[in-house]
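Here is the structure we will look at.
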Amino acid sequence: SVGRTVRWMQHVVGGGSARVTRAGSVFTPTLADVPADASTLSHGLLLRAGYARALAPGLHMLLPMGRRVLENVSGAVRAAMDGIDGNECTMPHLVPRELWEMSGRLLPQEADSEQGDEKEGSKGGGSEIFALEDRRGKTLVLAPTHEEVFTALVAAELDSYKSLPLRLYQIGTKYRDEIRPRFGLMRAREFVMKDMYTFDVDETAARETYATVTAAYTQLLVSLGLRPLMAAADTGNIGGSLSHEFHVMADVGEDAVLQCSGADDGCGYAANVEEAGGDMAARAAGAASVEHTVLAGKATYSLQLPSGIEVNRLRLTRVLESLGHNGLDGVDVAAAPSGAMPLEPVLASASLGWEDVASARAGDGCPCCEAGELVERRGIEVGHAFLLGTKYSSGMGAVVRVPTRDGGGLTAERPIEMGCYGIGVSRLMAAVQEVHGDKDGMRWPLALAPFVATLIVPPARKVAHSPELAARVARLEAALSVLGEGRVLVDDRDMSNGRKKREAALAGIPAAILVHSKAPERAEVHIRMVTSGGAAHDEVVVVHEDAA
Ligand code: ATP
Ligand code: MG
Ligand code: MG
Ligand code: MG
């Protein structure tokens, strides 16, 4: 019955207050058709349902419906972080460049140097940094991530190990000059991220924190109706020792994740394609060798790879470029005998570890259990965890005094062990629709829906003509209002029921309750939502007044 549905929804969403929102008062410019510039399912739905509009590539205007969902995603993320003793802060988006020089992520700016001095491949990618100058000529970075800011705060405010552990986070706007902003909210130049930075006294404690935060991530994503895959990731130039990405599996995902497909759903191994390459190489470690030959006066190095290990050309190119070499120019990969690769001396002089360039792909044996085979799945990266170690804390003087072993009241300074943990809040919003939306519209878990229910009734002038209808509408409004302030929409706009139902489905409102003017004792209840188990639940039931 409507009453039972409402009580259950109230239980899920809390509820409590009594104001309903009139559909006509919510600015929702819907579109009849999928716009031509919609690149993915979620992008098309966000535009059609009037959730969002583009201002420029990678820059979005979130309209009231979209903003509501974004707030709900933020709320769910906030609750998860507060649940593990996270302290929420709000940090500036403009960050003095010197902080980035202090951490070593940007090289000191020279008098007339252009932007070309960023370190390659650092998290948040050097070339992705937006920077601007203030009136005094000082450069400010529009932060793509906030390690420096939080580390500077902790360096200034903490001196005893007794203040640890500390978990600080914020939910805020991030700026990245993405090479290819696309897919709507999924790859934007301005987007919302939750980023947490953790501070622990030693590595053991930092690893415990890592386990706690990653468990909270999994729980959060499951509660939002997703089935996240936690995949091992390479730590890259960020300098950490442990890293995992949280992926939502969808064909539009830009990341390749390799997963063990052995018996009983595999051994549980999952890694992004770069990390899997490293794992493949590590498994075969010892079998590689570098040969040095001099041919016609020219030194050549041959990298002998164990069979089954392929060279990841993209990675090799990046490594070569970071060494000032012109990519793979002069390195003839194709002509190399199988498993061997002639490399320029520059590689050897950089003491490049061949793990660095190994690659893995679907069909390879699982580097973990060796029994299963790897299968490739496409993932949307919605979260990322890094154990940072002391890279930022040592560079920026974030140290605490700890008692020395021999006691006697002596203390020593020790750099704090850090971790950083991101969730793409606005990307997550789109990812839920890549998984759960369809051509008819969005589908949300109750916790994220812009409104929990919409009561579709005839326009006021029609209701006024029938005391029976008016009483019925008033009773249903009162019954629904217990769902809480701003959670219930009353759609009394002057348009057809068909269109109102279509718009409710498009917006993914979990319950649309339709009362016909001809038979006010009947209500059609359309359920369209994602259950807590992550399944689509679509149902239409007709209920009568007595039952309601
Ligand atoms: P990607 O590989 O997709 O470029 P990233 O690895 O650069 O992401 P992180 O630095 O790990 O991103 O940032 C943490 C999270 O922020 C990501 O897991 C993702 O969910 C989100 N995110 C990153 N870049 C964007 C973007 N351009 N638009 C929206 N969300 C983003
Ligand atoms: Mg990126
Ligand atoms: Mg990534
Ligand atoms: Mg990442």
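Chain identifiers are assigned as A, B, and so on, following the order in which chains appear in the structure tokens; residues are numbered from 1 within each chain, and ligands are numbered from 1 in order of appearance.
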When the cut-off is 7 Å and you count only C-alpha atoms and all ligand atoms, which residues lie near ligand 4, shown as a ChimeraX atom specification? /A:245,381,383-384
Neighbourhood of ligand 1 at 9 Å, counting only C-alpha atoms and all ligand atoms, reported as a PyMOL selection string: chain A and resi 58+123-125+144-145+174-178+180-182+184-195+245-247+253-255+380-386+421-428
I need the residues from that last selection saved to file as a PDB file, in the first residue's frame (with C-alpha atoms), if you can.
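Done, and the output landed in result_13.pdb:
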```
ATOM      1  CA  GLY A  58      34.606  20.011 -19.027  1.00  0.00           C
ATOM      2  CA  LYS A 123      49.610  12.681  -9.506  1.00  0.00           C
ATOM      3  CA  GLY A 124      47.311  15.314 -10.854  1.00  0.00           C
ATOM      4  CA  GLY A 125      49.696  15.447 -13.819  1.00  0.00           C
ATOM      5  CA  PRO A 144      44.005  19.532  -8.650  1.00  0.00           C
ATOM      6  CA  THR A 145      44.535  17.772  -5.300  1.00  0.00           C
ATOM      7  CA  LYS A 174      39.181  20.358  -8.031  1.00  0.00           C
ATOM      8  CA  TYR A 175      40.674  21.774 -11.193  1.00  0.00           C
ATOM      9  CA  ARG A 176      42.501  19.786 -13.844  1.00  0.00           C
ATOM     10  CA  ASP A 177      43.277  20.877 -17.352  1.00  0.00           C
ATOM     11  CA  GLU A 178      42.380  17.465 -18.773  1.00  0.00           C
ATOM     12  CA  ARG A 180      40.311  15.356 -23.235  1.00  0.00           C
ATOM     13  CA  PRO A 181      37.493  16.514 -20.999  1.00  0.00           C
ATOM     14  CA  ARG A 182      34.551  14.326 -21.980  1.00  0.00           C
ATOM     15  CA  GLY A 184      29.874  14.816 -19.139  1.00  0.00           C
ATOM     16  CA  LEU A 185      30.560  14.772 -15.421  1.00  0.00           C
ATOM     17  CA  MET A 186      32.917  11.834 -15.748  1.00  0.00           C
ATOM     18  CA  ARG A 187      35.945  13.702 -17.033  1.00  0.00           C
ATOM     19  CA  ALA A 188      35.559  17.364 -16.261  1.00  0.00           C
ATOM     20  CA  ARG A 189      38.035  20.182 -15.847  1.00  0.00           C
ATOM     21  CA  GLU A 190      36.240  21.404 -12.731  1.00  0.00           C
ATOM     22  CA  PHE A 191      34.767  18.622 -10.608  1.00  0.00           C
ATOM     23  CA  VAL A 192      33.937  17.681  -7.044  1.00  0.00           C
ATOM     24  CA  MET A 193      36.219  15.361  -5.121  1.00  0.00           C
ATOM     25  CA  LYS A 194      36.342  14.128  -1.579  1.00  0.00           C
ATOM     26  CA  ASP A 195      39.964  13.914  -0.592  1.00  0.00           C
ATOM     27  CA  GLU A 245      41.672   2.075  -7.380  1.00  0.00           C
ATOM     28  CA  PHE A 246      37.970   1.576  -6.876  1.00  0.00           C
ATOM     29  CA  HIS A 247      36.249   0.822 -10.130  1.00  0.00           C
ATOM     30  CA  GLY A 253      35.001   3.046 -18.383  1.00  0.00           C
ATOM     31  CA  GLU A 254      38.308   4.497 -19.542  1.00  0.00           C
ATOM     32  CA  ASP A 255      40.398   2.107 -17.467  1.00  0.00           C
ATOM     33  CA  ILE A 380      35.235   3.833 -14.213  1.00  0.00           C
ATOM     34  CA  GLU A 381      37.701   4.922 -11.533  1.00  0.00           C
ATOM     35  CA  VAL A 382      35.534   6.394  -8.780  1.00  0.00           C
ATOM     36  CA  GLY A 383      38.043   6.257  -5.962  1.00  0.00           C
ATOM     37  CA  HIS A 384      41.746   5.964  -5.318  1.00  0.00           C
ATOM     38  CA  ALA A 385      43.746   5.108  -2.212  1.00  0.00           C
ATOM     39  CA  PHE A 386      47.487   5.716  -1.773  1.00  0.00           C
ATOM     40  CA  TYR A 421      42.235   8.839  -0.380  1.00  0.00           C
ATOM     41  CA  GLY A 422      40.095  10.354  -3.120  1.00  0.00           C
ATOM     42  CA  ILE A 423      36.542   9.807  -4.271  1.00  0.00           C
ATOM     43  CA  GLY A 424      35.254  11.469  -7.406  1.00  0.00           C
ATOM     44  CA  VAL A 425      31.956  12.741  -6.027  1.00  0.00           C
ATOM     45  CA  SER A 426      30.606  14.211  -9.267  1.00  0.00           C
ATOM     46  CA  ARG A 427      32.013  11.328 -11.330  1.00  0.00           C
ATOM     47  CA  LEU A 428      30.322   8.873  -8.954  1.00  0.00           C
TER      48      LEU A 428
END
```
Grab the CA of Ala205 in chain A to CA of Glu88 in chain A distance for me, in Å with one decimal place.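 Between CA of Ala205 in chain A and CA of Glu88 in chain A the gap is 20.9 Å.
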Considering only C-alpha atoms, state which residue in the set A:Val543, A:Val141, A:Ala76, A:Met442 is at the smallest distance from Ala519 in chain A. A:Val543
Would you pick out the contacts of Leu224 in chain A at 9 Å or less, using only C-alpha atoms, so that residues sharing its chain but fewer than 4 positions from it are not included, and give the list as a PyMOL selection string? chain A and resi 73+76+219-220+432+444-448+530-534
Would you mind exporting all heavy atoms of the selected residues as a compact mmCIF listing (two decimals), in the first residue's frame?
```txt
# COMPACT_ATOMS: atom_id res chain seq x y z
N VAL A 73 25.12 12.69 -2.74
CA VAL A 73 26.35 11.89 -2.84
C VAL A 73 27.35 12.40 -1.80
O VAL A 73 27.94 11.63 -1.04
CB VAL A 73 26.97 11.95 -4.25
CG1 VAL A 73 28.26 11.11 -4.31
CG2 VAL A 73 26.00 11.48 -5.32
N ALA A 76 26.45 11.20 1.63
CA ALA A 76 26.76 9.79 1.88
C ALA A 76 28.27 9.62 2.09
O ALA A 76 28.71 8.89 2.98
CB ALA A 76 26.29 8.94 0.70
N GLN A 219 32.30 -0.31 1.51
CA GLN A 219 30.98 -0.29 2.15
C GLN A 219 30.12 0.85 1.60
O GLN A 219 28.94 0.66 1.29
CB GLN A 219 31.20 -0.08 3.64
CG GLN A 219 30.17 -0.76 4.50
CD GLN A 219 30.47 -0.52 5.97
OE1 GLN A 219 31.51 0.05 6.34
NE2 GLN A 219 29.55 -0.94 6.81
N LEU A 220 30.72 2.01 1.45
CA LEU A 220 29.99 3.16 0.93
C LEU A 220 29.46 2.88 -0.48
O LEU A 220 28.28 3.09 -0.78
CB LEU A 220 30.92 4.38 0.88
CG LEU A 220 30.41 5.57 0.05
CD1 LEU A 220 29.29 6.29 0.80
CD2 LEU A 220 31.53 6.55 -0.26
N VAL A 432 26.85 6.00 -11.33
CA VAL A 432 25.65 5.28 -10.89
C VAL A 432 24.68 5.12 -12.07
O VAL A 432 24.08 4.06 -12.27
CB VAL A 432 24.94 6.00 -9.71
CG1 VAL A 432 23.58 5.37 -9.41
CG2 VAL A 432 25.82 5.99 -8.47
N TRP A 444 17.97 5.69 -9.18
CA TRP A 444 18.83 6.01 -8.04
C TRP A 444 18.54 5.10 -6.85
O TRP A 444 17.40 4.68 -6.67
CB TRP A 444 18.59 7.45 -7.57
CG TRP A 444 18.92 8.51 -8.57
CD1 TRP A 444 18.04 9.29 -9.26
CD2 TRP A 444 20.23 8.92 -8.98
NE1 TRP A 444 18.71 10.16 -10.07
CE2 TRP A 444 20.06 9.95 -9.93
CE3 TRP A 444 21.52 8.52 -8.65
CZ2 TRP A 444 21.15 10.59 -10.54
CZ3 TRP A 444 22.60 9.14 -9.25
CH2 TRP A 444 22.40 10.17 -10.19
N PRO A 445 19.54 4.91 -5.99
CA PRO A 445 19.22 4.35 -4.68
C PRO A 445 18.51 5.46 -3.89
O PRO A 445 18.75 6.65 -4.16
CB PRO A 445 20.58 4.02 -4.09
CG PRO A 445 21.56 4.88 -4.82
CD PRO A 445 20.97 5.16 -6.18
N LEU A 446 17.66 5.11 -2.95
CA LEU A 446 16.90 6.13 -2.22
C LEU A 446 17.79 7.24 -1.66
O LEU A 446 17.42 8.41 -1.69
CB LEU A 446 16.14 5.48 -1.04
CG LEU A 446 14.85 4.75 -1.37
CD1 LEU A 446 14.16 4.36 -0.08
CD2 LEU A 446 13.93 5.60 -2.24
N ALA A 447 18.96 6.84 -1.17
CA ALA A 447 19.83 7.83 -0.51
C ALA A 447 20.30 8.93 -1.46
O ALA A 447 20.68 10.01 -1.02
CB ALA A 447 21.04 7.13 0.10
N LEU A 448 20.30 8.66 -2.76
CA LEU A 448 20.82 9.66 -3.70
C LEU A 448 19.75 10.40 -4.49
O LEU A 448 20.02 11.44 -5.09
CB LEU A 448 21.79 8.99 -4.70
CG LEU A 448 23.02 8.31 -4.12
CD1 LEU A 448 23.97 7.88 -5.25
CD2 LEU A 448 23.76 9.20 -3.13
N VAL A 530 17.03 1.77 -7.34
CA VAL A 530 18.10 0.79 -7.16
C VAL A 530 18.00 0.28 -5.72
O VAL A 530 17.93 1.08 -4.79
CB VAL A 530 19.48 1.44 -7.37
CG1 VAL A 530 20.59 0.45 -7.11
CG2 VAL A 530 19.57 2.02 -8.78
N THR A 531 17.95 -1.02 -5.54
CA THR A 531 17.84 -1.56 -4.18
C THR A 531 19.21 -1.51 -3.50
O THR A 531 20.24 -1.31 -4.15
CB THR A 531 17.40 -3.03 -4.20
OG1 THR A 531 18.45 -3.80 -4.80
CG2 THR A 531 16.13 -3.21 -5.00
N SER A 532 19.21 -1.75 -2.20
CA SER A 532 20.48 -1.71 -1.48
C SER A 532 21.40 -2.84 -1.94
O SER A 532 22.61 -2.77 -1.77
CB SER A 532 20.25 -1.78 0.02
OG SER A 532 19.35 -2.81 0.31
N GLY A 533 20.83 -3.87 -2.56
CA GLY A 533 21.67 -4.94 -3.10
C GLY A 533 22.24 -4.60 -4.47
O GLY A 533 22.96 -5.40 -5.06
N GLY A 534 21.88 -3.42 -4.99
CA GLY A 534 22.45 -3.01 -6.27
C GLY A 534 21.68 -3.50 -7.48
O GLY A 534 22.22 -3.59 -8.58
```
Best match for closeness to Arg443 in chain A among A:Ala79, A:Leu226, A:Ala507, A:Ala371, counting only C-alpha atoms: A:Ala507
Just the residues within 6 Å of Arg528 in chain A, please, counting only C-alpha atoms, with nothing from its chain fewer than 4 positions along; format it as a ChimeraX atom specification. /A:510,537-538
Nearest to ligand 3 by atom-to-atom distance, counting only C-alpha atoms and all ligand atoms, from A:Ala430, A:Ala256, A:Ala474, A:Ala536: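 Looking at the shortest contact to ligand 3, the residue is A:Ala256.
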Would you please give, as a PyMOL selection string, all residues of range 423-524 of chain A that DSSP assigns to alpha helix (DSSP H) based on the backbone? chain A and resi 425-436+460-463+467-481+497-507
Name the residues of range 97-261 of chain A that fall into strand (DSSP E or B) according to DSSP on the backbone, using the chain letters and numbers of this document, as a ChimeraX atom specification. /A:106,118,130-133,139-142,160,166-175,182,187,190-200,229-232,242-249,255-260
Can you list, as a list in words, every protein, DNA or RNA residue that comes within 7 Å of range 275-279 of chain A when you count only C-alpha atoms, leaving out same-chain residues fewer than 2 positions away? Ala232, Ala233, Asp234, Leu258, Ala271, Asn272, Val273, Ala281, Ala282, Arg283, Glu355, Asp356, Ala358, Ser359, Ala360 and Pro367 of chain A
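With CA of Ala23 in chain A on one side and CA of Thr454 in chain A on the other, the separation reads 8.5 Å.
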Distance CA of Glu468 in chain A-CA of Arg4 in chain A, one decimal place?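 Taking CA of Glu468 in chain A and CA of Arg4 in chain A, their separation equals 22.5 Å.
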Residue with smallest distance to ligand 3 - pool A:Ala511, A:Thr139, A:His244, A:Lys391, counting only C-alpha atoms and all ligand atoms: A:His244
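Ranking A:Ser466, A:Thr90, A:Ser496, A:Gln433 by their shortest atom-to-atom distance to Met196 in chain A, with only C-alpha atoms included, puts A:Thr90 first.
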Minimum-distance residue to ligand 2, chosen among A:Leu106, A:Glu128, A:Arg22, A:Tyr269 (using only C-alpha atoms and all ligand atoms):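 Residue with the minimum atom-to-atom distance to ligand 2: A:Glu128.
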